[in-house]
Amino acid sequence: MRAVRYVAINVFRESIRDRVPYNLVLFAVLLIGSSYLLGQLTAGQDVKIIKDLGLAATSVFGLFIAIFIGIGLVSKEVEKRSIYALLSKPVSRSQFIAGKYSGLVLTLAVNVAVMTVALYAVLAYMSWTESAQFKAGWERPAADPALLKALLLIFLELMLVTAIAVFFSTFSSPILSAAMTFGLYVAGHFNADLRNFDKVVDSKSAATLARVVYHVLPDFAAFDIKTQVVHGIPVPAMYLGATIGYGLAYIGALLLVATFIFSRRDFK
Amino acid sequence: MSPAIDIDNLAKDYAVGFWRRRPYRALDRLTLTIEPGEVFGFLGPNGAGKTTTLKLLMQLIYPTSGRATILGRPVGDLAVRQRIGYLPENPSFYEYLTAEELLTYFAQLFGFSPADRRKRIATLLDRVGIGRERRFQLRRFSKGMVQRVGIAQALLNDPEVIFLDEPMSGLDPLGRRDVRALILELRDQGRTVFFSSHILADAEALCSRVAVVAAGRLAAQGRLADLTEFTVRGWELVVANLSAAALERVRPATSRVIEISPGRYSLELSLAQPADRILAELVATGASVVSLNPLRETLEDFFVQRVNAVGQGSRTEHEAVDARR
């Protein structure tokens, strides 16, 4: 555990030194700027738009961090040969992968936490400045605790993207890893279409193949409950629990395969 | 007591070629045993298989066949890594860390207490000559300074066995002298040092035993004294007042003639030549003998001879394979 902890802390430190926190400043400016502009333009819809924007920005900014740092986590160490000295210390290859992954998840957790606080602060400010009559038209309160459900699943989605990036990073180049991770992310969002593929094609083999791909690809659409939360549609606890379980199982499987591949690799 | 390092028939093939992958043997059935407390020089020209061997011992690559143990345990055993140090060839570290932070990170992996860590790091950085630069990020370090940090990290855990891959690389003459002194200090403390180099002077100054590898094969191994000291390959005769006629008479018996000053010559005689007869002949012509010394084989002569022999063997083998095709 000691090795995993210190490798993770080093990844976190690297992301701080690489000025990753700057994205938080951009996020805050975007959110505050939009809330001010929307306050001038719309009537009654501004809170929903800010919620939508805040959740979408948390997801997109996190996605960039997960992909662009994730793909370099392992491959950069191999390319720059810094892994040579590290692996001569009492660190196994599986601990290395676990530490690298945990470090980036820690970075993402801090990022999402700060963004969550910023989003709630802007929403609370809006709630405080609006009149009671105006607020009566809102479906849900501005600083709605249900937003946390959406943020939790966004975080889990980012953990899954990171696991995919680390997985590709263990055996391919950063550019290829980025392309494949992003490709899988996009495909995973349209995964539900594959489930009903047999209704639009006659070929039985094509339908079977589509079903297999549906089960293998990560179902990213399952993590997207932004619309429900913003519009006050309840999200059952069962759904939340099942999605979290699915995400963690997928991450676990990806990291196991990544460790398996990485443990057999030669560093030439 | 088990050997510090035991390498048994270790071989490594790499797949080369883009479409038709075929194996290329980088290391061919290497067998070596290094006893505790030895300073062992692992010598060979570039591409001989030195770094491949060290990477196999650090389990950065896996062998095609054979096995190796360090301190009686298989390479890759985490408990062994607690007791060894390794300096990679042309080391590279995290550029965003300072020298102090890098060593702190590695010391944490070894489980040092904060107090021990601080003390050990300060002592080591002083020892390798990193002064106030220790608080600079490594991206600002020169190649030689990175090499010094590399040596410090290899010694961080007070290792029993230290592997150094080209430790003098990138160092200026002062740095080389410091590293030589450090290796001798480690030897005096009873540590085992296994270092690879293609600089023979380092081996001659430091090693109790050496192995020479060439084209992935072990060309020779043994104590330096056994390999070179008693191998006399001829005589160096210095004579004065040597006339041109006398010189011409003895020239066929010499392998090299150097004129030091007018009438004064250094003549190299091969072992096959009867030195006493030539000596008598020269004295009879009025020349005076200044000195007669045996020409001993240097490590460099030995190295070149063995490396060439392996190269020829390897070529003959390839030709035989080609002829069979």
# chains A, B, ... in the order shown; residues from 1 in each chain; ligands from 1

call {"tool": "residues_around", "arguments": {"residues": "stretch 33-37 of chain A", "least_positions_apart": "4", "cutoff": "8 Å", "atoms": "only C-alpha atoms", "output": "list of chain:residue names"}}
result
A:Val29, A:Leu41, A:Asp46, A:Ile50, A:Val122

call {"tool": "interface_residues", "arguments": {"of": "chain A", "to": "chain B", "cutoff": "9 Å", "atoms": "only C-alpha atoms", "output": "list in words"}}
result
Arg2, Ala3, Tyr6, Val7, Asn10, Arg13, Glu14, Arg17, Asp18, Glu77, Lys80, Arg81, Ser82, Ile83, Tyr84, Ala85, Leu86, Leu87, Ser88, Lys89, Pro90, Val91, Ser92, Arg264, Arg265, Asp266, Phe267 and Lys268 of chain A

call {"tool": "write_last_selection", "arguments": {"atoms": "N, CA and C atoms", "output": "PDB file, in the first residue's frame"}}
result
ATOM      1  N   ARG A   2       2.037   1.141   0.688  1.00  0.00           N
ATOM      2  CA  ARG A   2       2.926   2.301   0.792  1.00  0.00           C
ATOM      3  C   ARG A   2       3.349   2.778  -0.600  1.00  0.00           C
ATOM      4  N   ALA A   3       3.743   1.823  -1.446  1.00  0.00           N
ATOM      5  CA  ALA A   3       4.203   2.178  -2.791  1.00  0.00           C
ATOM      6  C   ALA A   3       3.087   2.846  -3.589  1.00  0.00           C
ATOM      7  N   TYR A   6       2.564   6.497  -2.397  1.00  0.00           N
ATOM      8  CA  TYR A   6       3.553   7.501  -2.782  1.00  0.00           C
ATOM      9  C   TYR A   6       3.613   7.725  -4.296  1.00  0.00           C
ATOM     10  N   VAL A   7       3.356   6.667  -5.068  1.00  0.00           N
ATOM     11  CA  VAL A   7       3.303   6.852  -6.527  1.00  0.00           C
ATOM     12  C   VAL A   7       2.115   7.776  -6.852  1.00  0.00           C
ATOM     13  N   ASN A  10       2.829  11.359  -6.040  1.00  0.00           N
ATOM     14  CA  ASN A  10       3.719  11.954  -7.037  1.00  0.00           C
ATOM     15  C   ASN A  10       2.966  12.350  -8.304  1.00  0.00           C
ATOM     16  N   ARG A  13       1.187  15.524  -7.501  1.00  0.00           N
ATOM     17  CA  ARG A  13       2.131  16.649  -7.492  1.00  0.00           C
ATOM     18  C   ARG A  13       2.494  17.064  -8.918  1.00  0.00           C
ATOM     19  N   GLU A  14       2.667  16.056  -9.792  1.00  0.00           N
ATOM     20  CA  GLU A  14       3.002  16.350 -11.187  1.00  0.00           C
ATOM     21  C   GLU A  14       1.880  17.169 -11.846  1.00  0.00           C
ATOM     22  N   ARG A  17       2.135  20.682 -10.663  1.00  0.00           N
ATOM     23  CA  ARG A  17       3.268  21.388 -11.280  1.00  0.00           C
ATOM     24  C   ARG A  17       3.028  21.636 -12.766  1.00  0.00           C
ATOM     25  N   ASP A  18       2.218  20.772 -13.388  1.00  0.00           N
ATOM     26  CA  ASP A  18       1.889  20.964 -14.805  1.00  0.00           C
ATOM     27  C   ASP A  18       0.741  21.962 -14.974  1.00  0.00           C
ATOM     28  N   GLU A  77       6.453   7.740 -18.684  1.00  0.00           N
ATOM     29  CA  GLU A  77       7.492   7.185 -17.798  1.00  0.00           C
ATOM     30  C   GLU A  77       8.410   6.236 -18.565  1.00  0.00           C
ATOM     31  N   LYS A  80      10.432   8.388 -21.286  1.00  0.00           N
ATOM     32  CA  LYS A  80      11.498   9.205 -20.684  1.00  0.00           C
ATOM     33  C   LYS A  80      12.448   8.378 -19.832  1.00  0.00           C
ATOM     34  N   ARG A  81      12.185   7.108 -19.701  1.00  0.00           N
ATOM     35  CA  ARG A  81      13.013   6.143 -18.978  1.00  0.00           C
ATOM     36  C   ARG A  81      13.084   6.410 -17.462  1.00  0.00           C
ATOM     37  N   SER A  82      12.193   7.258 -16.941  1.00  0.00           N
ATOM     38  CA  SER A  82      12.203   7.483 -15.492  1.00  0.00           C
ATOM     39  C   SER A  82      11.720   6.230 -14.754  1.00  0.00           C
ATOM     40  N   ILE A  83      11.058   5.346 -15.488  1.00  0.00           N
ATOM     41  CA  ILE A  83      10.549   4.107 -14.878  1.00  0.00           C
ATOM     42  C   ILE A  83      11.691   3.166 -14.471  1.00  0.00           C
ATOM     43  N   TYR A  84      12.856   3.297 -15.119  1.00  0.00           N
ATOM     44  CA  TYR A  84      13.971   2.387 -14.821  1.00  0.00           C
ATOM     45  C   TYR A  84      14.373   2.470 -13.342  1.00  0.00           C
ATOM     46  N   ALA A  85      14.603   3.701 -12.891  1.00  0.00           N
ATOM     47  CA  ALA A  85      15.029   3.848 -11.495  1.00  0.00           C
ATOM     48  C   ALA A  85      13.871   3.500 -10.554  1.00  0.00           C
ATOM     49  N   LEU A  86      12.666   3.882 -10.937  1.00  0.00           N
ATOM     50  CA  LEU A  86      11.515   3.652 -10.048  1.00  0.00           C
ATOM     51  C   LEU A  86      11.277   2.164  -9.814  1.00  0.00           C
ATOM     52  N   LEU A  87      11.317   1.382 -10.906  1.00  0.00           N
ATOM     53  CA  LEU A  87      11.026  -0.055 -10.747  1.00  0.00           C
ATOM     54  C   LEU A  87      12.181  -0.832 -10.122  1.00  0.00           C
ATOM     55  N   SER A  88      13.337  -0.166  -9.925  1.00  0.00           N
ATOM     56  CA  SER A  88      14.407  -0.860  -9.195  1.00  0.00           C
ATOM     57  C   SER A  88      14.207  -0.686  -7.681  1.00  0.00           C
ATOM     58  N   LYS A  89      13.241   0.155  -7.315  1.00  0.00           N
ATOM     59  CA  LYS A  89      12.889   0.328  -5.903  1.00  0.00           C
ATOM     60  C   LYS A  89      11.827  -0.722  -5.541  1.00  0.00           C
ATOM     61  N   PRO A  90      11.492  -0.862  -4.256  1.00  0.00           N
ATOM     62  CA  PRO A  90      10.502  -1.901  -3.910  1.00  0.00           C
ATOM     63  C   PRO A  90       9.077  -1.533  -4.365  1.00  0.00           C
ATOM     64  N   VAL A  91       8.878  -1.493  -5.667  1.00  0.00           N
ATOM     65  CA  VAL A  91       7.579  -1.168  -6.261  1.00  0.00           C
ATOM     66  C   VAL A  91       7.290  -2.210  -7.339  1.00  0.00           C
ATOM     67  N   SER A  92       6.187  -2.953  -7.186  1.00  0.00           N
ATOM     68  CA  SER A  92       5.862  -3.930  -8.233  1.00  0.00           C
ATOM     69  C   SER A  92       5.148  -3.217  -9.369  1.00  0.00           C
ATOM     70  N   ARG A 264       4.022  -7.930 -18.196  1.00  0.00           N
ATOM     71  CA  ARG A 264       4.767  -8.776 -19.124  1.00  0.00           C
ATOM     72  C   ARG A 264       5.593  -7.984 -20.121  1.00  0.00           C
ATOM     73  N   ARG A 265       5.560  -6.684 -19.964  1.00  0.00           N
ATOM     74  CA  ARG A 265       6.200  -5.829 -20.964  1.00  0.00           C
ATOM     75  C   ARG A 265       7.704  -5.686 -20.736  1.00  0.00           C
ATOM     76  N   ASP A 266       8.465  -5.648 -21.844  1.00  0.00           N
ATOM     77  CA  ASP A 266       9.900  -5.367 -21.784  1.00  0.00           C
ATOM     78  C   ASP A 266      10.105  -3.869 -21.991  1.00  0.00           C
ATOM     79  N   PHE A 267      10.985  -3.258 -21.187  1.00  0.00           N
ATOM     80  CA  PHE A 267      11.320  -1.844 -21.409  1.00  0.00           C
ATOM     81  C   PHE A 267      12.667  -1.801 -22.118  1.00  0.00           C
ATOM     82  N   LYS A 268      12.604  -1.692 -23.444  1.00  0.00           N
ATOM     83  CA  LYS A 268      13.843  -1.801 -24.239  1.00  0.00           C
ATOM     84  C   LYS A 268      14.651  -0.518 -24.215  1.00  0.00           C
TER      85      LYS A 268
END

call {"tool": "residues_around", "arguments": {"residues": "B:Pro23", "least_positions_apart": "2", "cutoff": "12 Å", "atoms": "only C-alpha atoms", "output": "list of chain:residue names"}}
result
B:Ala11, B:Lys12, B:Asp13, B:Tyr14, B:Ala15, B:Val16, B:Gly17, B:Phe18, B:Arg20, B:Arg21, B:Arg25, B:Ala26, B:Leu27, B:Thr64

call {"tool": "residues_around", "arguments": {"residues": "stretch 138-153 of chain A", "least_positions_apart": "5", "cutoff": "9 Å", "atoms": "only C-alpha atoms", "output": "ChimeraX atom specification"}}
result
/A:44-45,47-48,51,55,58-59,112,116,119-124,126-127,158,222-226,228-232,234-235,240,243-244

call {"tool": "write_last_selection", "arguments": {"atoms": "N, CA and C atoms", "output": "mmCIF file, in the first residue's frame"}}
result
data_model
loop_
_atom_site.group_PDB
_atom_site.id
_atom_site.type_symbol
_atom_site.label_atom_id
_atom_site.label_comp_id
_atom_site.auth_asym_id
_atom_site.auth_seq_id
_atom_site.Cartn_x
_atom_site.Cartn_y
_atom_site.Cartn_z
ATOM 1 N N GLY A 44 -36.503 33.276 -15.650
ATOM 2 C CA GLY A 44 -36.951 32.005 -15.075
ATOM 3 C C GLY A 44 -36.116 30.794 -15.457
ATOM 4 N N GLN A 45 -35.442 30.852 -16.610
ATOM 5 C CA GLN A 45 -34.684 29.682 -17.085
ATOM 6 C C GLN A 45 -33.217 29.732 -16.662
ATOM 7 N N VAL A 47 -31.488 29.643 -13.909
ATOM 8 C CA VAL A 47 -30.959 28.678 -12.942
ATOM 9 C C VAL A 47 -30.732 27.323 -13.619
ATOM 10 N N LYS A 48 -31.710 26.921 -14.444
ATOM 11 C CA LYS A 48 -31.573 25.636 -15.154
ATOM 12 C C LYS A 48 -30.350 25.656 -16.073
ATOM 13 N N LYS A 51 -27.207 25.398 -14.091
ATOM 14 C CA LYS A 51 -27.014 24.007 -13.633
ATOM 15 C C LYS A 51 -26.504 23.149 -14.776
ATOM 16 N N LEU A 55 -22.739 21.492 -14.836
ATOM 17 C CA LEU A 55 -22.532 20.031 -14.894
ATOM 18 C C LEU A 55 -21.783 19.649 -16.167
ATOM 19 N N THR A 58 -18.122 20.658 -15.840
ATOM 20 C CA THR A 58 -17.410 19.740 -14.929
ATOM 21 C C THR A 58 -17.031 18.470 -15.693
ATOM 22 N N SER A 59 -17.964 18.002 -16.493
ATOM 23 C CA SER A 59 -17.731 16.775 -17.247
ATOM 24 C C SER A 59 -16.662 16.979 -18.326
ATOM 25 N N VAL A 112 -13.118 18.038 -9.317
ATOM 26 C CA VAL A 112 -14.590 17.965 -9.297
ATOM 27 C C VAL A 112 -15.118 18.604 -8.007
ATOM 28 N N THR A 116 -17.618 21.668 -7.880
ATOM 29 C CA THR A 116 -18.914 21.504 -7.199
ATOM 30 C C THR A 116 -19.160 22.685 -6.256
ATOM 31 N N LEU A 119 -19.915 25.766 -8.305
ATOM 32 C CA LEU A 119 -21.267 25.723 -8.890
ATOM 33 C C LEU A 119 -22.325 26.053 -7.830
ATOM 34 N N TYR A 120 -22.178 25.434 -6.655
ATOM 35 C CA TYR A 120 -23.138 25.701 -5.579
ATOM 36 C C TYR A 120 -23.055 27.161 -5.119
ATOM 37 N N ALA A 121 -21.846 27.716 -5.124
ATOM 38 C CA ALA A 121 -21.683 29.110 -4.692
ATOM 39 C C ALA A 121 -22.420 30.044 -5.648
ATOM 40 N N VAL A 122 -22.268 29.798 -6.952
ATOM 41 C CA VAL A 122 -22.937 30.650 -7.953
ATOM 42 C C VAL A 122 -24.455 30.493 -7.822
ATOM 43 N N LEU A 123 -24.909 29.242 -7.658
ATOM 44 C CA LEU A 123 -26.357 28.988 -7.541
ATOM 45 C C LEU A 123 -26.930 29.623 -6.266
ATOM 46 N N ALA A 124 -26.168 29.530 -5.178
ATOM 47 C CA ALA A 124 -26.614 30.117 -3.910
ATOM 48 C C ALA A 124 -26.704 31.637 -4.044
ATOM 49 N N MET A 126 -27.308 33.275 -6.800
ATOM 50 C CA MET A 126 -28.483 33.574 -7.631
ATOM 51 C C MET A 126 -29.757 33.503 -6.787
ATOM 52 N N SER A 127 -29.810 32.480 -5.955
ATOM 53 C CA SER A 127 -30.972 32.279 -5.097
ATOM 54 C C SER A 127 -31.130 33.451 -4.124
ATOM 55 N N LEU A 158 -15.583 9.903 -15.139
ATOM 56 C CA LEU A 158 -14.199 10.344 -15.329
ATOM 57 C C LEU A 158 -13.223 9.272 -14.837
ATOM 58 N N ALA A 222 -25.154 5.683 -19.460
ATOM 59 C CA ALA A 222 -25.746 5.360 -18.152
ATOM 60 C C ALA A 222 -25.331 6.371 -17.073
ATOM 61 N N PHE A 223 -24.169 7.007 -17.264
ATOM 62 C CA PHE A 223 -23.670 7.939 -16.242
ATOM 63 C C PHE A 223 -24.249 9.349 -16.409
ATOM 64 N N ASP A 224 -24.964 9.562 -17.507
ATOM 65 C CA ASP A 224 -25.450 10.907 -17.811
ATOM 66 C C ASP A 224 -26.881 11.102 -17.290
ATOM 67 N N ILE A 225 -26.997 11.704 -16.103
ATOM 68 C CA ILE A 225 -28.333 11.971 -15.541
ATOM 69 C C ILE A 225 -28.520 13.480 -15.346
ATOM 70 N N LYS A 226 -27.760 14.241 -16.143
ATOM 71 C CA LYS A 226 -27.799 15.706 -15.995
ATOM 72 C C LYS A 226 -29.208 16.247 -16.258
ATOM 73 N N GLN A 228 -32.201 14.787 -16.126
ATOM 74 C CA GLN A 228 -33.156 14.440 -15.073
ATOM 75 C C GLN A 228 -32.978 15.353 -13.859
ATOM 76 N N VAL A 229 -31.739 15.516 -13.452
ATOM 77 C CA VAL A 229 -31.469 16.286 -12.231
ATOM 78 C C VAL A 229 -31.852 17.757 -12.415
ATOM 79 N N VAL A 230 -31.495 18.314 -13.565
ATOM 80 C CA VAL A 230 -31.770 19.737 -13.798
ATOM 81 C C VAL A 230 -33.286 19.992 -13.857
ATOM 82 N N HIS A 231 -34.022 19.030 -14.457
ATOM 83 C CA HIS A 231 -35.461 19.218 -14.600
ATOM 84 C C HIS A 231 -36.267 18.622 -13.436
ATOM 85 N N GLY A 232 -35.590 18.244 -12.408
ATOM 86 C CA GLY A 232 -36.272 17.773 -11.202
ATOM 87 C C GLY A 232 -36.904 16.403 -11.336
ATOM 88 N N PRO A 234 -36.948 12.597 -10.629
ATOM 89 C CA PRO A 234 -36.227 11.813 -9.610
ATOM 90 C C PRO A 234 -35.360 10.714 -10.226
ATOM 91 N N VAL A 235 -34.195 10.507 -9.596
ATOM 92 C CA VAL A 235 -33.295 9.423 -10.021
ATOM 93 C C VAL A 235 -33.327 8.382 -8.909
ATOM 94 N N LEU A 240 -28.898 4.521 -9.243
ATOM 95 C CA LEU A 240 -27.605 5.101 -8.846
ATOM 96 C C LEU A 240 -26.645 3.988 -8.381
ATOM 97 N N THR A 243 -25.532 1.716 -11.281
ATOM 98 C CA THR A 243 -24.570 2.382 -12.178
ATOM 99 C C THR A 243 -23.193 2.464 -11.509
ATOM 100 N N ILE A 244 -23.196 2.765 -10.222
ATOM 101 C CA ILE A 244 -21.910 2.828 -9.502
ATOM 102 C C ILE A 244 -21.247 1.442 -9.527
#

call {"tool": "select_by_dssp", "arguments": {"residues": "stretch 181-236 of chain A", "states": "helix (DSSP H, G or I)", "output": "count of residues only"}}
result
39

call {"tool": "closest_residue", "arguments": {"among": "B:Leu71, B:Val304, B:Val212, B:Ile183", "to": "B:Met1", "atoms": "only C-alpha atoms"}}
result
B:Leu71

call {"tool": "residues_around", "arguments": {"residues": "B:Tyr265", "least_positions_apart": "3", "cutoff": "6 Å", "atoms": "only C-alpha atoms", "output": "number ranges by chain"}}
result
B: 238-239, 258-260

call {"tool": "write_last_selection", "arguments": {"atoms": "N, CA and C atoms", "output": "PDB file, in the first residue's frame"}}
result
ATOM      1  N   VAL B 238      65.806  -0.328 -25.302  1.00  0.00           N
ATOM      2  CA  VAL B 238      66.218   1.046 -25.630  1.00  0.00           C
ATOM      3  C   VAL B 238      67.744   1.053 -25.724  1.00  0.00           C
ATOM      4  N   VAL B 239      68.226   1.495 -26.894  1.00  0.00           N
ATOM      5  CA  VAL B 239      69.691   1.517 -27.104  1.00  0.00           C
ATOM      6  C   VAL B 239      70.142   2.905 -27.545  1.00  0.00           C
ATOM      7  N   ILE B 258      61.250   2.942 -32.946  1.00  0.00           N
ATOM      8  CA  ILE B 258      60.951   4.370 -32.745  1.00  0.00           C
ATOM      9  C   ILE B 258      62.258   5.091 -32.457  1.00  0.00           C
ATOM     10  N   GLU B 259      62.527   6.163 -33.217  1.00  0.00           N
ATOM     11  CA  GLU B 259      63.731   6.950 -32.968  1.00  0.00           C
ATOM     12  C   GLU B 259      63.406   7.975 -31.885  1.00  0.00           C
ATOM     13  N   ILE B 260      64.064   7.860 -30.739  1.00  0.00           N
ATOM     14  CA  ILE B 260      63.784   8.772 -29.614  1.00  0.00           C
ATOM     15  C   ILE B 260      64.543  10.082 -29.832  1.00  0.00           C
TER      16      ILE B 260
END

call {"tool": "select_by_dssp", "arguments": {"residues": "stretch 161-228 of chain B", "states": "strand (DSSP E or B)", "output": "list in words"}}
result
Val161, Ile162, Phe163, Leu164, Asp165, Thr192, Val193, Phe194, Phe195, Ser196, Ser197, Arg209, Val210, Ala211, Val212, Val213, Ala214, Arg217, Leu218, Ala219, Ala220, Gln221, Gly222 and Arg223 of chain B

call {"tool": "residues_around", "arguments": {"residues": "B:Gly41", "least_positions_apart": "2", "cutoff": "9 Å", "atoms": "only C-alpha atoms", "output": "list in words"}}
result
Val39, Leu43, Val193, Phe194, Phe195, Ser196, Ser197, Asp202, Ala203, Glu204, Leu206, Cys207, Ser208, Arg209, Val210, Ala211 and Val212 of chain B

call {"tool": "write_last_selection", "arguments": {"atoms": "N, CA and C atoms", "output": "PDB file, in the first residue's frame"}}
result
ATOM      1  N   VAL B  39      34.320  -5.763  -6.450  1.00  0.00           N
ATOM      2  CA  VAL B  39      34.010  -4.695  -7.409  1.00  0.00           C
ATOM      3  C   VAL B  39      34.219  -5.338  -8.772  1.00  0.00           C
ATOM      4  N   LEU B  43      32.673  -5.366 -18.871  1.00  0.00           N
ATOM      5  CA  LEU B  43      33.229  -4.555 -19.956  1.00  0.00           C
ATOM      6  C   LEU B  43      32.786  -5.042 -21.324  1.00  0.00           C
ATOM      7  N   VAL B 193      29.909  -4.187  -5.854  1.00  0.00           N
ATOM      8  CA  VAL B 193      29.625  -3.213  -6.919  1.00  0.00           C
ATOM      9  C   VAL B 193      29.768  -3.922  -8.264  1.00  0.00           C
ATOM     10  N   PHE B 194      28.711  -3.860  -9.066  1.00  0.00           N
ATOM     11  CA  PHE B 194      28.730  -4.454 -10.410  1.00  0.00           C
ATOM     12  C   PHE B 194      28.582  -3.284 -11.361  1.00  0.00           C
ATOM     13  N   PHE B 195      29.653  -2.948 -12.073  1.00  0.00           N
ATOM     14  CA  PHE B 195      29.471  -1.805 -12.977  1.00  0.00           C
ATOM     15  C   PHE B 195      29.872  -2.116 -14.404  1.00  0.00           C
ATOM     16  N   SER B 196      29.103  -1.557 -15.317  1.00  0.00           N
ATOM     17  CA  SER B 196      29.395  -1.767 -16.730  1.00  0.00           C
ATOM     18  C   SER B 196      30.119  -0.536 -17.249  1.00  0.00           C
ATOM     19  N   SER B 197      31.022  -0.770 -18.170  1.00  0.00           N
ATOM     20  CA  SER B 197      31.767   0.357 -18.724  1.00  0.00           C
ATOM     21  C   SER B 197      32.436  -0.068 -20.024  1.00  0.00           C
ATOM     22  N   ASP B 202      38.966   2.769 -16.106  1.00  0.00           N
ATOM     23  CA  ASP B 202      38.152   2.689 -14.887  1.00  0.00           C
ATOM     24  C   ASP B 202      38.227   1.287 -14.299  1.00  0.00           C
ATOM     25  N   ALA B 203      38.118   0.305 -15.171  1.00  0.00           N
ATOM     26  CA  ALA B 203      38.164  -1.086 -14.705  1.00  0.00           C
ATOM     27  C   ALA B 203      39.515  -1.390 -14.077  1.00  0.00           C
ATOM     28  N   GLU B 204      40.581  -0.914 -14.750  1.00  0.00           N
ATOM     29  CA  GLU B 204      41.920  -1.198 -14.221  1.00  0.00           C
ATOM     30  C   GLU B 204      42.128  -0.555 -12.856  1.00  0.00           C
ATOM     31  N   LEU B 206      39.737   0.122 -10.621  1.00  0.00           N
ATOM     32  CA  LEU B 206      38.754  -0.189  -9.582  1.00  0.00           C
ATOM     33  C   LEU B 206      38.480  -1.668  -9.329  1.00  0.00           C
ATOM     34  N   CYS B 207      38.599  -2.487 -10.372  1.00  0.00           N
ATOM     35  CA  CYS B 207      37.987  -3.822 -10.286  1.00  0.00           C
ATOM     36  C   CYS B 207      38.902  -4.882  -9.700  1.00  0.00           C
ATOM     37  N   SER B 208      38.274  -5.788  -8.956  1.00  0.00           N
ATOM     38  CA  SER B 208      39.012  -6.970  -8.532  1.00  0.00           C
ATOM     39  C   SER B 208      38.873  -8.033  -9.616  1.00  0.00           C
ATOM     40  N   ARG B 209      37.720  -8.061 -10.268  1.00  0.00           N
ATOM     41  CA  ARG B 209      37.514  -9.010 -11.374  1.00  0.00           C
ATOM     42  C   ARG B 209      36.765  -8.314 -12.502  1.00  0.00           C
ATOM     43  N   VAL B 210      36.939  -8.828 -13.701  1.00  0.00           N
ATOM     44  CA  VAL B 210      36.197  -8.268 -14.833  1.00  0.00           C
ATOM     45  C   VAL B 210      35.647  -9.397 -15.696  1.00  0.00           C
ATOM     46  N   ALA B 211      34.636  -9.042 -16.468  1.00  0.00           N
ATOM     47  CA  ALA B 211      34.176  -9.923 -17.539  1.00  0.00           C
ATOM     48  C   ALA B 211      34.128  -9.071 -18.795  1.00  0.00           C
ATOM     49  N   VAL B 212      34.487  -9.670 -19.909  1.00  0.00           N
ATOM     50  CA  VAL B 212      34.413  -8.953 -21.186  1.00  0.00           C
ATOM     51  C   VAL B 212      33.315  -9.604 -22.003  1.00  0.00           C
TER      52      VAL B 212
END

call {"tool": "atom_distance", "arguments": {"atom1": "atom CA of B:Asn9", "atom2": "atom CA of B:Glu300"}}
result
26.6 Å

call {"tool": "residues_around", "arguments": {"residues": "stretch 174-180 of chain A", "least_positions_apart": "5", "cutoff": "8 Å", "atoms": "only C-alpha atoms", "output": "PyMOL selection string"}}
result
chain A and resi 67-68+71-72+75-76+165+168-169
